[in-house]
Amino acid sequence: MLRLLFFAPLIIGIASCSSSRREAQAQATPSVVQEPESKAVSDTAIFYSRGACFGMCPIFELVVMKDGKASYLGKNHVDRIGRYEARVSFGDIQVIQSKAREIGYFDLLPVYDNESVQDLPNIITGVSDGKHVHRVRNRYKGPAALRYLYTELDSLIERQAWKAAGALQQD
């Protein structure tokens, strides 16, 4: 009985540490990040974002609506930091849609990732085919053809006459 009284607190302590360790590991384990559906609303023609890595990866978000209204949010390692707005021509939207069709974008899987690999930027694209926005999250070994789309999207960003729309809010 005396042994039980002595070892009971020890066993409870070990069990609680083990439980805390499992909880901490569960929180640290990467999981697929689901983007809010508002980024894929029916009025969106193009969505493009690049996320952080441990290095100097550009971090930004571009949203182009079907009417051409565009917003850009530059966060880090880009020329434009902050919020910007522009008007994208219908022709430029069609160029992106055409490039997407050319590379088979609308048939791609929605996610290319390997959660075991660290320090890779998260690149998310969304392109409307006229009926819905197909989205692709590429973090690991996505099709090489996606690079052609990224090049076209980067070019689209550079061609616009961006006007400052506000400073970047710190989280």
# chains A, B, ... in the order shown; residues from 1 in each chain; ligands from 1
>>> residues_around(residues="range 100-110 of chain A", least_positions_apart="4", cutoff="10 Å", atoms="only C-alpha atoms", output="list of chain:residue names")
A:Gln94, A:Val95, A:Ile96, A:Ile124, A:Thr125, A:Gly126, A:Val127, A:Ser128, A:Asp129, A:Val133, A:His134, A:Arg135, A:Val136, A:Arg137, A:Asn138, A:Gly142, A:Pro143, A:Ala144, A:Ala145, A:Leu146, A:Arg147, A:Tyr148, A:Leu149, A:Glu152
>>> write_last_selection(atoms="C-alpha atoms", output="CSV table (one decimal), in the first residue's frame")
chain,number,residue,atom,x,y,z
A,94,GLN,CA,-7.9,35.9,-71.2
A,95,VAL,CA,-4.1,35.4,-71.6
A,96,ILE,CA,-4.0,33.8,-68.1
A,124,ILE,CA,-1.6,28.8,-54.5
A,125,THR,CA,-3.2,29.7,-57.8
A,126,GLY,CA,-6.8,29.9,-58.8
A,127,VAL,CA,-8.1,30.5,-62.3
A,128,SER,CA,-11.7,30.7,-63.5
A,129,ASP,CA,-12.8,28.6,-66.4
A,133,VAL,CA,-12.4,28.7,-60.0
A,134,HIS,CA,-10.0,25.7,-60.0
A,135,ARG,CA,-7.4,26.1,-57.3
A,136,VAL,CA,-4.0,24.4,-57.0
A,137,ARG,CA,-1.8,24.5,-54.0
A,138,ASN,CA,1.8,23.6,-54.9
A,142,GLY,CA,3.9,20.0,-58.6
A,143,PRO,CA,3.9,19.6,-62.4
A,144,ALA,CA,6.6,21.6,-64.1
A,145,ALA,CA,4.0,23.1,-66.4
A,146,LEU,CA,2.8,25.2,-63.4
A,147,ARG,CA,6.0,27.3,-63.7
A,148,TYR,CA,4.8,28.6,-67.0
A,149,LEU,CA,1.6,29.8,-65.4
A,152,GLU,CA,2.7,34.5,-66.8
>>> closest_residue(among="A:Phe60, A:Ile93, A:Lys69, A:Val111", to="Ile81 in chain A", atoms="only C-alpha atoms")
A:Phe60
>>> residues_around(residues="Gly166 in chain A", least_positions_apart="6", cutoff="12 Å", atoms="only C-alpha atoms", output="count of residues only")
10
>>> atom_distance(atom1="CA of Phe47 in chain A", atom2="CA of Val64 in chain A")
6.4 Å
>>> atom_distance(atom1="CA of Asp79 in chain A", atom2="CA of Arg159 in chain A")
13.4 Å
>>> atom_distance(atom1="CA of Phe54 in chain A", atom2="CA of Lys163 in chain A")
29.7 Å
>>> select_by_dssp(residues="range 79-136 of chain A", states="helix (DSSP H, G or I)", output="list in words")
Phe90, Gly91, Asp92, Ile93, Gln94, Val95, Ile96, Gln97, Ser98, Lys99, Ala100, Arg101, Glu102, Tyr105, Phe106 and Asp107 of chain A
